[in-house]
Every structure is written in structure tokens, then in C-alpha cells.
Amino acid sequence: MRGVSFNSIRKIIVAILLVSSFPVTRTQAADVTSFSDTLSTIKESVVANHTFTFTITDGWAADETLTLDFPAGFSNSGFANTEPEDFDITDDGAEQNLVASGGCTGATLEIAITTVDTVDPIGFTFTRCTGDATIAAGSVVVIEIGTHATTGGTGNDQITNQTAAQNGTDGVITLTGGGGYTDTGSVAVEIVADNDVTVNATVDPRITCAFTGLTTTFASLTGPVATSDTNTTITVSTNAANGFNISVRDAGNGSNPGLYKSSSPTYLIGSADGSPTFSDTATLTNDVDGFGIQGSTSGGSGATVAIAARYNQTSNDVGGLELTPITLASATGAVASRVVTIVHKAAVSGLAAAGAYTDTLTYVCTGIF
């Protein structure tokens, strides 16, 4: 130790101690955060799609790998590393270009599916292509595996779930970085015997017929053809598979249909088989006794409503009434809020006795279930 002072030796020893007291810095593995795996179904032993979502802690750079390993019981139903259409990966919403193993082209946002384990336990390894931009630390990565993958084409394969008995420690899926990528993570999934809820319901047969215009008046019948002041409407709704029928029958004088004056001298302004006689339809004319109705339909939805030919009239043409029910309108399927409108028309001859006339038309709605 000639030529070296004691103070120098002490300084060297202190320096060595100071250096040795600090650990050597190296990259440490870190867990991803907000890690989840959403399955299309958690029913045991059936195929399912998987959607992995997590926030990375380490940046994912070129030539680095990310591996998802499934526990025992999950099985591969046909996946291969040559089928990128079964996988989608996004980085903060940006779609990555998935390619088969060895298929890197140098394009941006490119990830190769380098390994697919096809035996139990199964797993998938994804490698960022050489020269590709790093997925930055703090990015939200979403990996879709299954038929819901659409970026490279529609997926064909799904992962078969383990059984419910294999839950617990056997239910953990792990994420492991490689090739310099240091992130790790694990997520548990719950597989159950059955998660399908059967919902039963019974819809009762239903029909509604809402009427307006239950009173209508011919203010003055003096000879010319007249229309009463109020139309009758029937709004029909029914879920009857075979539709509905609306019939009409007339009271008249009890023997013949029509507008009837019951006080002496009695008189009937006939309709149909009344006097004058017309069996189905007639054209009302001035100064000739006659009474009838016209039908039309509008609004609503569902099956088309047909007005019977007898009553599908316009202008001064009318359909005659009967003492027995006759079909006015019908449909062959379910309807909602279909409207049937009835117009009443009459004319009188010079022989019609002065006074008050009345008649009652009875409409019946029938659902055909």
C-alpha cells in the first residue's frame, strides 16, 4: 500500500459501499388494469364468443407478444393461426390489422396471430409486426375472439365453455406479455349449468268495435235524394287470425225494412224487399221512395277491410237493407283501428205521408279466431 494514504483507501471503500447499496434497475412486470372478459353466454359446455377489455401498463411494441391462456375445460372449436377473421383487436377504438402467422406486410397497426393452442388447455398468442407503431402505455385494448369478429371477415369459430364444476381456480384466464412486453393479468369467469330464462306469455283473444254517429237525421225529405246529417263509423281492432265480419240488419216496420211512420196513416219508405222493391242495390231518384246505405273504409293497419259489394256504392247508389243480418264489411286477418264509415241516403215520392219516420239499424262485429 505504498504511496496510498489511509484517507484515500477510506474514500474508495465508501464509494464501493454507496454503489453496492443501490439495486440495478430493470423492467418489472406490471398488471393490466380494468381487465374483463364478456362472454356471449356463460352456459356450460356450449360455444361462446369472448370480448377481452383491459388497459395496458407497458407499451406493446414491435416483435413483442401478448398471450391469453385459458384454464382446463375450455376447448378450441376450430380456431387456427391462419384464420385472422376469427379475431378483432382495437387500441383505443382503432382497428388493428390482423394477419396470419408469418403474414406481416409492414403496414401500420398490424398484429400477427402467431400461435393458437388447439389442445386443452387452449391459448392464443398475438405478436405486433416488425416496424409497427407501439401501442402506448395506458391504451385500452379490446380483443374479440369468435363469430362477432368482423374486421377481417366474419368469424367462423367459437370457444367451448368449461363445465360449472370447473369454476374457481380452474376459471382463471391469464394474460402474459413476452418478447420484452411485460404486462400480465388474470380474469375470472363464472360458468353456470344454465343461464337461459324461458319466458312464457298468453295473449287473449281480443276485439273492439267503437261506434260514433248512433243517431242520424234526415232534416227534411221533400222529394230530392237526401243524405242524413251524421255518418255512422265503426272502428275495429282485433287480433283474430281470420279477421272479422260486420253485419247489419234493419227493423223497418217489422215485416219489411225501411223508414217507417208508425202513426196513422202509416207509411213505409222501403228498402230492399220493401215497397218499391229492390233486392240488392238501387239508384235513388227524385220523387221516388227509397232508402239505403253506402259503406267505405279508411285508416288503421293490418289486414285489408273489404266492403261488401252491395254497400260499396257512391253518388246516389245505395245498398238495400234486410230484416236479417247481411255482411257490410269484413277482413281476413288481424286489424288495428280500421274505420268503417256508413252514409245514409233516402228519397220520397209525393205519396209519402207527412210525419215522423224512424228506423233502427243494428250492427254486429264478430271476430273470427
# chains A, B, ... in the order shown; residues from 1 in each chain; ligands from 1
>>> residues_around(residues="Ile111 in chain A", least_positions_apart="5", cutoff="9 Å", atoms="only C-alpha atoms", output="MDAnalysis selection string")
chainID A and resid 89 96:100 104 126:129 132
>>> residues_around(residues="Asn245 in chain A", least_positions_apart="3", cutoff="6 Å", atoms="only C-alpha atoms", output="ChimeraX atom specification")
/A:329-330,365-366
>>> closest_atom_pairs(of="range 263-326 of chain A", to="range 347-360 of chain A", cutoff="10 Å", atoms="only C-alpha atoms", output="JSON lines")
{"residue": "A:Ser263", "atom": "CA", "partner": "A:Gly355", "partner_atom": "CA", "distance": 8.1}
{"residue": "A:Ser264", "atom": "CA", "partner": "A:Ala353", "partner_atom": "CA", "distance": 9.2}
{"residue": "A:Pro265", "atom": "CA", "partner": "A:Ala353", "partner_atom": "CA", "distance": 7.1}
{"residue": "A:Thr266", "atom": "CA", "partner": "A:Ala353", "partner_atom": "CA", "distance": 7.6}
{"residue": "A:Tyr267", "atom": "CA", "partner": "A:Ala353", "partner_atom": "CA", "distance": 6.4}
{"residue": "A:Leu268", "atom": "CA", "partner": "A:Ala352", "partner_atom": "CA", "distance": 8.1}
{"residue": "A:Ile269", "atom": "CA", "partner": "A:Val348", "partner_atom": "CA", "distance": 7.1}
{"residue": "A:Gly270", "atom": "CA", "partner": "A:Val348", "partner_atom": "CA", "distance": 9.8}
{"residue": "A:Leu284", "atom": "CA", "partner": "A:Ala347", "partner_atom": "CA", "distance": 6.6}
{"residue": "A:Thr285", "atom": "CA", "partner": "A:Ala347", "partner_atom": "CA", "distance": 6.8}
{"residue": "A:Asn286", "atom": "CA", "partner": "A:Ala347", "partner_atom": "CA", "distance": 6.3}
{"residue": "A:Asp287", "atom": "CA", "partner": "A:Ser349", "partner_atom": "CA", "distance": 4.0}
{"residue": "A:Val288", "atom": "CA", "partner": "A:Ser349", "partner_atom": "CA", "distance": 4.4}
{"residue": "A:Asp289", "atom": "CA", "partner": "A:Val348", "partner_atom": "CA", "distance": 4.1}
{"residue": "A:Gly290", "atom": "CA", "partner": "A:Ala347", "partner_atom": "CA", "distance": 5.3}
{"residue": "A:Phe291", "atom": "CA", "partner": "A:Ala347", "partner_atom": "CA", "distance": 6.6}
{"residue": "A:Gly292", "atom": "CA", "partner": "A:Ala347", "partner_atom": "CA", "distance": 9.6}
{"residue": "A:Asn316", "atom": "CA", "partner": "A:Ala347", "partner_atom": "CA", "distance": 9.8}
>>> select_by_dssp(residues="range 115-333 of chain A", states="helix (DSSP H, G or I)", output="list in words")
Ala164, Ala165, Gln166, Gly168, Thr169, Asp170 and Gly171 of chain A
>>> write_last_selection(atoms="N, CA and C atoms", output="PDB file, in the first residue's frame")
ATOM      1  N   ALA A 164     -69.595 -26.080 -15.218  1.00  0.00           N
ATOM      2  CA  ALA A 164     -69.770 -25.302 -13.986  1.00  0.00           C
ATOM      3  C   ALA A 164     -68.911 -25.873 -12.864  1.00  0.00           C
ATOM      4  N   ALA A 165     -68.684 -27.179 -12.874  1.00  0.00           N
ATOM      5  CA  ALA A 165     -67.880 -27.814 -11.819  1.00  0.00           C
ATOM      6  C   ALA A 165     -66.426 -27.388 -11.881  1.00  0.00           C
ATOM      7  N   GLN A 166     -65.980 -26.812 -13.001  1.00  0.00           N
ATOM      8  CA  GLN A 166     -64.580 -26.412 -13.155  1.00  0.00           C
ATOM      9  C   GLN A 166     -64.346 -24.948 -12.802  1.00  0.00           C
ATOM     10  N   GLY A 168     -63.897 -21.619 -10.163  1.00  0.00           N
ATOM     11  CA  GLY A 168     -62.941 -21.441  -9.076  1.00  0.00           C
ATOM     12  C   GLY A 168     -61.553 -21.238  -9.631  1.00  0.00           C
ATOM     13  N   THR A 169     -60.582 -21.955  -9.082  1.00  0.00           N
ATOM     14  CA  THR A 169     -59.205 -21.769  -9.553  1.00  0.00           C
ATOM     15  C   THR A 169     -59.056 -22.201 -10.998  1.00  0.00           C
ATOM     16  N   ASP A 170     -59.935 -23.122 -11.459  1.00  0.00           N
ATOM     17  CA  ASP A 170     -59.868 -23.533 -12.857  1.00  0.00           C
ATOM     18  C   ASP A 170     -60.548 -22.530 -13.775  1.00  0.00           C
ATOM     19  N   GLY A 171     -61.116 -21.453 -13.211  1.00  0.00           N
ATOM     20  CA  GLY A 171     -61.851 -20.496 -14.039  1.00  0.00           C
ATOM     21  C   GLY A 171     -61.064 -19.254 -14.359  1.00  0.00           C
TER      22      GLY A 171
END
>>> closest_residue(among="A:Phe211, A:Phe35, A:Phe87, A:Phe70", to="Val339 in chain A", atoms="only C-alpha atoms")
A:Phe211
>>> atom_distance(atom1="CA of Asp88 in chain A", atom2="CA of Thr150 in chain A")
7.0 Å
>>> residues_around(residues="Gly243 in chain A", least_positions_apart="4", cutoff="10 Å", atoms="only C-alpha atoms", output="list in words")
Ile207, Ser237, Thr238, Asn239, Gly302, Ala303, Thr304, Val305, Ser330, Ala331, Thr332, Gly333, Ala334, Val335, Thr366, Gly367, Ile368 and Phe369 of chain A
